[in-house]
file run.cif (mmCIF, N, CA and C atoms)
data_data
loop_
_atom_site.label_atom_id
_atom_site.label_comp_id
_atom_site.auth_asym_id
_atom_site.auth_seq_id
_atom_site.Cartn_x
_atom_site.Cartn_y
_atom_site.Cartn_z
N MET A 667 4.00 -113.67 -36.81
CA MET A 667 2.97 -113.88 -37.81
C MET A 667 2.57 -112.56 -38.45
N ALA A 668 2.57 -111.46 -37.69
CA ALA A 668 2.17 -110.18 -38.25
C ALA A 668 3.14 -109.72 -39.33
N LEU A 669 4.42 -110.01 -39.16
CA LEU A 669 5.41 -109.62 -40.16
C LEU A 669 5.20 -110.37 -41.46
N VAL A 670 4.84 -111.65 -41.35
CA VAL A 670 4.58 -112.45 -42.56
C VAL A 670 3.39 -111.89 -43.31
N LEU A 671 2.34 -111.50 -42.59
CA LEU A 671 1.16 -110.93 -43.24
C LEU A 671 1.50 -109.61 -43.94
N LEU A 672 2.26 -108.75 -43.27
CA LEU A 672 2.64 -107.48 -43.87
C LEU A 672 3.50 -107.69 -45.11
N LEU A 673 4.44 -108.61 -45.04
CA LEU A 673 5.28 -108.89 -46.21
C LEU A 673 4.48 -109.50 -47.36
N SER A 674 3.47 -110.29 -47.03
CA SER A 674 2.64 -110.84 -48.10
C SER A 674 1.81 -109.77 -48.78
N TRP A 675 1.33 -108.78 -48.01
CA TRP A 675 0.58 -107.68 -48.63
C TRP A 675 1.49 -106.85 -49.52
N ILE A 676 2.72 -106.62 -49.07
CA ILE A 676 3.68 -105.87 -49.88
C ILE A 676 4.00 -106.64 -51.15
N ALA A 677 4.17 -107.96 -51.04
CA ALA A 677 4.48 -108.78 -52.22
C ALA A 677 3.33 -108.78 -53.21
N VAL A 678 2.11 -108.90 -52.71
CA VAL A 678 0.94 -108.87 -53.61
C VAL A 678 0.86 -107.52 -54.32
N GLY A 679 1.06 -106.45 -53.58
CA GLY A 679 1.02 -105.12 -54.19
C GLY A 679 2.14 -104.90 -55.19
N ALA A 680 3.33 -105.41 -54.89
CA ALA A 680 4.46 -105.26 -55.81
C ALA A 680 4.22 -106.02 -57.11
N VAL A 681 3.67 -107.20 -57.01
CA VAL A 681 3.38 -107.99 -58.22
C VAL A 681 2.31 -107.29 -59.06
N ILE A 682 1.27 -106.80 -58.41
CA ILE A 682 0.22 -106.10 -59.15
C ILE A 682 0.77 -104.82 -59.78
N GLY A 683 1.62 -104.11 -59.05
CA GLY A 683 2.24 -102.91 -59.60
C GLY A 683 3.09 -103.23 -60.82
N ALA A 684 3.85 -104.31 -60.76
CA ALA A 684 4.68 -104.70 -61.89
C ALA A 684 3.83 -105.09 -63.10
N ILE A 685 2.73 -105.78 -62.84
CA ILE A 685 1.84 -106.18 -63.94
C ILE A 685 1.19 -104.96 -64.58
N LEU A 686 0.72 -104.02 -63.75
CA LEU A 686 0.05 -102.84 -64.30
C LEU A 686 1.01 -101.93 -65.05
N VAL A 687 2.27 -101.88 -64.63
CA VAL A 687 3.25 -101.07 -65.37
C VAL A 687 3.47 -101.64 -66.76
N THR A 688 3.50 -102.97 -66.87
CA THR A 688 3.70 -103.56 -68.19
C THR A 688 2.45 -103.43 -69.07
N ILE A 689 1.27 -103.40 -68.45
CA ILE A 689 0.04 -103.25 -69.23
C ILE A 689 -0.15 -101.80 -69.67
N TRP A 690 0.02 -100.87 -68.73
CA TRP A 690 -0.17 -99.45 -69.03
C TRP A 690 1.15 -98.86 -69.49
N LYS A 691 1.37 -98.85 -70.76
CA LYS A 691 2.59 -98.25 -71.30
C LYS A 691 2.42 -96.74 -71.29
N SER A 692 3.05 -96.10 -70.34
CA SER A 692 2.92 -94.66 -70.19
C SER A 692 4.29 -94.08 -69.90
N ARG A 693 4.50 -92.86 -70.32
CA ARG A 693 5.78 -92.20 -70.09
C ARG A 693 5.94 -91.91 -68.60
N GLY A 694 7.10 -92.24 -68.05
CA GLY A 694 7.36 -92.02 -66.65
C GLY A 694 7.12 -93.24 -65.79
N PHE A 695 6.51 -94.27 -66.35
CA PHE A 695 6.30 -95.52 -65.61
C PHE A 695 7.52 -96.40 -65.79
N THR A 696 8.15 -96.78 -64.71
CA THR A 696 9.24 -97.75 -64.75
C THR A 696 8.85 -98.93 -63.88
N MET A 697 9.57 -100.02 -64.05
CA MET A 697 9.27 -101.22 -63.28
C MET A 697 9.51 -100.97 -61.78
N ALA A 698 10.59 -100.27 -61.46
CA ALA A 698 10.89 -99.99 -60.05
C ALA A 698 9.80 -99.11 -59.44
N TRP A 699 9.32 -98.14 -60.20
CA TRP A 699 8.27 -97.26 -59.71
C TRP A 699 7.01 -98.07 -59.43
N GLY A 700 6.66 -98.97 -60.33
CA GLY A 700 5.46 -99.79 -60.15
C GLY A 700 5.57 -100.72 -58.96
N ILE A 701 6.75 -101.29 -58.74
CA ILE A 701 6.93 -102.19 -57.61
C ILE A 701 6.82 -101.42 -56.29
N ILE A 702 7.42 -100.25 -56.23
CA ILE A 702 7.39 -99.46 -55.00
C ILE A 702 5.98 -98.95 -54.71
N VAL A 703 5.34 -98.36 -55.70
CA VAL A 703 3.99 -97.81 -55.49
C VAL A 703 2.99 -98.94 -55.25
N GLY A 704 3.10 -100.02 -55.99
CA GLY A 704 2.21 -101.16 -55.76
C GLY A 704 2.40 -101.78 -54.39
N GLY A 705 3.65 -101.89 -53.95
CA GLY A 705 3.92 -102.43 -52.62
C GLY A 705 3.37 -101.55 -51.52
N ALA A 706 3.52 -100.24 -51.68
CA ALA A 706 2.98 -99.31 -50.68
C ALA A 706 1.46 -99.37 -50.66
N GLY A 707 0.84 -99.39 -51.82
CA GLY A 707 -0.62 -99.50 -51.88
C GLY A 707 -1.12 -100.82 -51.34
N GLY A 708 -0.37 -101.89 -51.61
CA GLY A 708 -0.76 -103.20 -51.09
C GLY A 708 -0.68 -103.27 -49.58
N SER A 709 0.36 -102.69 -49.01
CA SER A 709 0.47 -102.71 -47.55
C SER A 709 -0.61 -101.86 -46.90
N ALA A 710 -0.90 -100.70 -47.46
CA ALA A 710 -1.97 -99.85 -46.91
C ALA A 710 -3.33 -100.53 -47.08
N GLY A 711 -3.57 -101.11 -48.23
CA GLY A 711 -4.83 -101.80 -48.45
C GLY A 711 -4.99 -103.03 -47.56
N GLY A 712 -3.89 -103.74 -47.33
CA GLY A 712 -3.95 -104.89 -46.44
C GLY A 712 -4.26 -104.50 -45.01
N LEU A 713 -3.67 -103.40 -44.56
CA LEU A 713 -3.96 -102.92 -43.21
C LEU A 713 -5.41 -102.47 -43.08
N ILE A 714 -5.91 -101.80 -44.09
CA ILE A 714 -7.31 -101.38 -44.06
C ILE A 714 -8.24 -102.60 -44.12
N GLY A 715 -7.89 -103.57 -44.97
CA GLY A 715 -8.69 -104.79 -45.04
C GLY A 715 -8.68 -105.56 -43.74
N ARG A 716 -7.56 -105.54 -43.04
CA ARG A 716 -7.48 -106.21 -41.74
C ARG A 716 -8.35 -105.51 -40.70
N MET A 717 -8.44 -104.17 -40.79
CA MET A 717 -9.28 -103.44 -39.85
C MET A 717 -10.76 -103.60 -40.16
N VAL A 718 -11.10 -103.65 -41.44
CA VAL A 718 -12.51 -103.76 -41.84
C VAL A 718 -13.03 -105.18 -41.58
N PHE A 719 -12.21 -106.19 -41.88
CA PHE A 719 -12.59 -107.59 -41.66
C PHE A 719 -11.65 -108.22 -40.64
N PRO A 720 -11.85 -107.94 -39.35
CA PRO A 720 -10.90 -108.44 -38.35
C PRO A 720 -10.95 -109.96 -38.15
N GLU A 721 -12.08 -110.59 -38.43
CA GLU A 721 -12.17 -112.03 -38.24
C GLU A 721 -11.59 -112.81 -39.42
N SER A 722 -11.45 -112.18 -40.56
CA SER A 722 -10.89 -112.82 -41.73
C SER A 722 -9.38 -112.65 -41.74
N VAL A 723 -8.68 -113.76 -41.78
CA VAL A 723 -7.22 -113.69 -41.74
C VAL A 723 -6.64 -113.49 -43.13
N LEU A 724 -7.21 -114.11 -44.14
CA LEU A 724 -6.61 -114.06 -45.47
C LEU A 724 -7.42 -113.31 -46.50
N VAL A 725 -8.70 -113.60 -46.62
CA VAL A 725 -9.48 -113.10 -47.75
C VAL A 725 -9.65 -111.58 -47.71
N GLY A 726 -10.06 -111.02 -46.60
CA GLY A 726 -10.29 -109.58 -46.50
C GLY A 726 -9.02 -108.77 -46.69
N PRO A 727 -7.95 -109.07 -45.97
CA PRO A 727 -6.72 -108.29 -46.15
C PRO A 727 -6.08 -108.44 -47.53
N ILE A 728 -6.12 -109.63 -48.09
CA ILE A 728 -5.54 -109.81 -49.43
C ILE A 728 -6.37 -109.05 -50.46
N LEU A 729 -7.69 -109.10 -50.33
CA LEU A 729 -8.54 -108.32 -51.22
C LEU A 729 -8.27 -106.82 -51.05
N GLY A 730 -8.09 -106.39 -49.81
CA GLY A 730 -7.73 -105.00 -49.55
C GLY A 730 -6.38 -104.64 -50.15
N ALA A 731 -5.42 -105.56 -50.10
CA ALA A 731 -4.10 -105.31 -50.69
C ALA A 731 -4.20 -105.16 -52.20
N VAL A 732 -5.02 -105.98 -52.83
CA VAL A 732 -5.20 -105.89 -54.29
C VAL A 732 -5.84 -104.55 -54.66
N VAL A 733 -6.91 -104.20 -53.95
CA VAL A 733 -7.60 -102.93 -54.24
C VAL A 733 -6.68 -101.74 -53.96
N GLY A 734 -5.93 -101.81 -52.86
CA GLY A 734 -5.01 -100.73 -52.53
C GLY A 734 -3.92 -100.55 -53.56
N ALA A 735 -3.39 -101.65 -54.06
CA ALA A 735 -2.34 -101.56 -55.08
C ALA A 735 -2.87 -100.97 -56.38
N VAL A 736 -4.06 -101.40 -56.78
CA VAL A 736 -4.64 -100.88 -58.02
C VAL A 736 -4.97 -99.39 -57.87
N LEU A 737 -5.51 -99.01 -56.72
CA LEU A 737 -5.82 -97.59 -56.51
C LEU A 737 -4.55 -96.73 -56.48
N ALA A 738 -3.50 -97.23 -55.85
CA ALA A 738 -2.24 -96.48 -55.82
C ALA A 738 -1.68 -96.33 -57.23
N MET A 739 -1.79 -97.36 -58.04
CA MET A 739 -1.30 -97.27 -59.42
C MET A 739 -2.16 -96.31 -60.25
N LEU A 740 -3.48 -96.32 -60.03
CA LEU A 740 -4.34 -95.39 -60.76
C LEU A 740 -4.03 -93.94 -60.38
N ILE A 741 -3.79 -93.69 -59.10
CA ILE A 741 -3.44 -92.34 -58.66
C ILE A 741 -2.11 -91.93 -59.27
N GLY A 742 -1.15 -92.84 -59.27
CA GLY A 742 0.16 -92.53 -59.87
C GLY A 742 0.07 -92.30 -61.36
N LYS A 743 -0.76 -93.08 -62.05
CA LYS A 743 -0.93 -92.91 -63.50
C LYS A 743 -1.58 -91.57 -63.80
N ALA A 744 -2.56 -91.19 -63.02
CA ALA A 744 -3.21 -89.89 -63.23
C ALA A 744 -2.23 -88.75 -62.99
N ASP A 745 -1.37 -88.91 -62.02
CA ASP A 745 -0.38 -87.88 -61.72
C ASP A 745 0.65 -87.77 -62.84
N THR A 746 1.13 -88.89 -63.37
CA THR A 746 2.12 -88.82 -64.45
C THR A 746 1.48 -88.35 -65.74
N ASP A 747 0.20 -88.69 -65.98
CA ASP A 747 -0.48 -88.19 -67.17
C ASP A 747 -0.69 -86.69 -67.10
N LYS A 748 -0.93 -86.18 -65.90
CA LYS A 748 -1.12 -84.74 -65.72
C LYS A 748 0.19 -83.98 -65.94
N GLN A 749 1.31 -84.57 -65.53
CA GLN A 749 2.59 -83.90 -65.62
C GLN A 749 3.22 -84.00 -67.00
N SER A 750 2.90 -85.05 -67.75
CA SER A 750 3.53 -85.22 -69.06
C SER A 750 2.90 -84.26 -70.07
N PRO A 751 3.71 -83.72 -70.97
CA PRO A 751 3.16 -82.79 -71.97
C PRO A 751 2.27 -83.53 -72.96
N SER A 752 1.23 -82.87 -73.38
CA SER A 752 0.31 -83.50 -74.32
C SER A 752 0.94 -83.53 -75.71
N THR A 753 0.60 -84.57 -76.46
CA THR A 753 1.14 -84.75 -77.80
C THR A 753 0.11 -84.44 -78.86
N VAL A 754 -0.91 -83.67 -78.53
CA VAL A 754 -1.98 -83.37 -79.47
C VAL A 754 -1.58 -82.27 -80.40
#

call {"tool": "encode", "arguments": {"input": "run.cif", "output": "structure tokens"}}
result
Amino acid sequence: MALVLLLSWIAVGAVIGAILVTIWKSRGFTMAWGIIVGGAGGSAGGLIGRMVFPESVLVGPILGAVVGAVLAMLIGKADTDKQSPSTV
């Protein structure tokens, strides 16, 4: 059962990463990058959500996976924006 939960957090994060890559058109963002970073953020967020809400099987960890994926994508976007040359 633990493997299914971990895979679901990775899947939620990967889907959110793919959605945010298509919304945020930025140089250096690729679909593969968004899936990997979103999946990693989703798994980390799901684990944190599971620790914070141990009695909640679905709601807390899934919410943590969503927040983790979005935060990982925001950190990645800030990093790529910092590295890309300005067009001003």

call {"tool": "resolve_selection", "arguments": {"input": "run.cif", "expression": "the PyMOL selection byres (((chain A and resi 704 and name CA) around 10) and name CA)", "output": "PyMOL selection string"}}
result
chain A and resi 675-687+698-703+705-710+731-732+734-739+742

call {"tool": "select_by_dssp", "arguments": {"input": "run.cif", "residues": "chain A", "states": "helix (DSSP H, G or I)", "output": "PyMOL selection string"}}
result
chain A and resi 668-689+697-718+725-749

call {"tool": "atom_distance", "arguments": {"input": "run.cif", "atom1": "atom N of Gly712 in chain A", "atom2": "atom N of Lys743 in chain A"}}
result
18.4 Å

call {"tool": "atom_distance", "arguments": {"input": "run.cif", "atom1": "atom N of Ile714 in chain A", "atom2": "CA of Leu672 in chain A"}}
result
10.3 Å

call {"tool": "atom_distance", "arguments": {"input": "run.cif", "atom1": "atom C of Lys691 in chain A", "atom2": "CA of Val733 in chain A"}}
result
20.7 Å
